[in-house]
Amino acid sequence: TGCSRNETASDKEIIAQIRRGENACFDDLFNRYHDRLFFYLRHFVGSKEEAEDLLQNVFVKAYEKFDTFDARRAFSSWVYRIAHNEAVNYLKRKNKKYFFSWEDIVSTKDQLESSSQERSPQEDWIRKEVRSEVRAALKRIPQKYREVLILRFYLDHSYEEIAHITERPTNTVGTLISRAKKHLVRELNQE
């Protein structure tokens with residue numbers, strides 16, 4: 001039979017046709033979302049060619065997983081979620097060799113306060129990724145190091161305040177912070 005090719009058909013109507021076996025309607029659905037998804041992916045990954053490749057993957061995955069789509073929900077949310085996951089996975093693979101410096105770690109705190117309006121989705125994603133990596137690495141380092149780093153860099157306590165809180169001499173706090181920084185950077189850069 002083929003698709004009704006009705007420009008005004010809702011997503012739900014087109015989906016119903018696909019579910020009745022009218023596979024030609026996939027083209028209509030994908031054409032409807034092509035430009036918007038391309039725009040989203042292009043801004044997310046920063047490259048036209050990479051966005052085009054990812055968009056093909058999104059449509060293939062949407063086609064393959066179509067039977068898992070819950071028709072009571074919005075198709076747009078579902079297909080954007082697939083696009084988002086494709087972009088994030090792509091960036092993870094691309095940035096796998098990201099090397100963390102102490103400046104990256106310290107800047108994660110500042111980035112929590114800065115406006116996301118000035119950044120691209122890719123920068124936002126990388127910053128979130130660095131923040132979550134730092135949080136995970138903090139959990140893996142010894143308690144004495146974790147404690148002084150949190151007090152110093154996340155809670156902005158002075159060395160004297162940290163000495164008072166931890167009941168250690170101030171020069172010991174300085175040594176601990178220095179070692180803790182090295183420990184955290186090493187932890188983050190392990191494969």
# chains A, B, ... in the order shown; residues from 1 in each chain; ligands from 1
>>> select_by_dssp(residues="chain A", states="helix (DSSP H, G or I)", output="PyMOL selection string")
chain A and resi 11-19+25-45+48-64+66-68+75-94+102-113+116-118+121-140+143-154+159-166+170-188
>>> closest_atom_pairs(of="range 56-103 of chain A", to="range 32-49 of chain A", cutoff="8 Å", atoms="only C-alpha atoms", output="CSV")
residue,atom,partner,partner_atom,distance
A:Ser76,CA,A:Tyr33,CA,7.9
A:Tyr80,CA,A:Leu37,CA,7.1
A:Ala83,CA,A:Leu41,CA,7.1
A:His84,CA,A:Leu41,CA,7.8
A:Ala87,CA,A:Val45,CA,6.7
A:Leu91,CA,A:Val45,CA,7.2
>>> write_last_selection(atoms="C-alpha atoms", output="PDB file, in the first residue's frame")
ATOM      1  CA  SER A  76      10.677  12.960  19.229  1.00  0.00           C
ATOM      2  CA  TYR A  80      16.523  12.460  20.435  1.00  0.00           C
ATOM      3  CA  ALA A  83      20.860  10.716  19.015  1.00  0.00           C
ATOM      4  CA  HIS A  84      22.136  11.882  22.387  1.00  0.00           C
ATOM      5  CA  ALA A  87      26.871  11.492  20.274  1.00  0.00           C
ATOM      6  CA  LEU A  91      32.750  11.605  22.089  1.00  0.00           C
TER       7      LEU A  91
END
>>> closest_residue(among="A:Ile141, A:Ile15, A:Leu54, A:Val148", to="Asp28 in chain A", atoms="only C-alpha atoms")
A:Ile15
>>> decode(residues="range 143-158 of chain A", atoms="C-alpha atoms", output="CSV table (one decimal), in the first residue's frame")
chain,number,residue,atom,x,y,z
A,143,GLN,CA,40.6,9.0,52.9
A,144,LYS,CA,43.4,11.4,54.3
A,145,TYR,CA,44.0,12.7,50.7
A,146,ARG,CA,40.3,12.9,49.8
A,147,GLU,CA,39.5,14.8,52.9
A,148,VAL,CA,42.1,17.6,52.5
A,149,LEU,CA,41.3,18.0,48.7
A,150,ILE,CA,37.6,18.5,49.4
A,151,LEU,CA,38.3,20.9,52.3
A,152,ARG,CA,40.8,22.9,50.2
A,153,PHE,CA,39.5,22.9,46.7
A,154,TYR,CA,35.8,22.4,47.0
A,155,LEU,CA,35.0,24.1,50.3
A,156,ASP,CA,37.8,26.8,50.0
A,157,HIS,CA,39.2,26.3,53.5
A,158,SER,CA,42.6,27.8,54.2
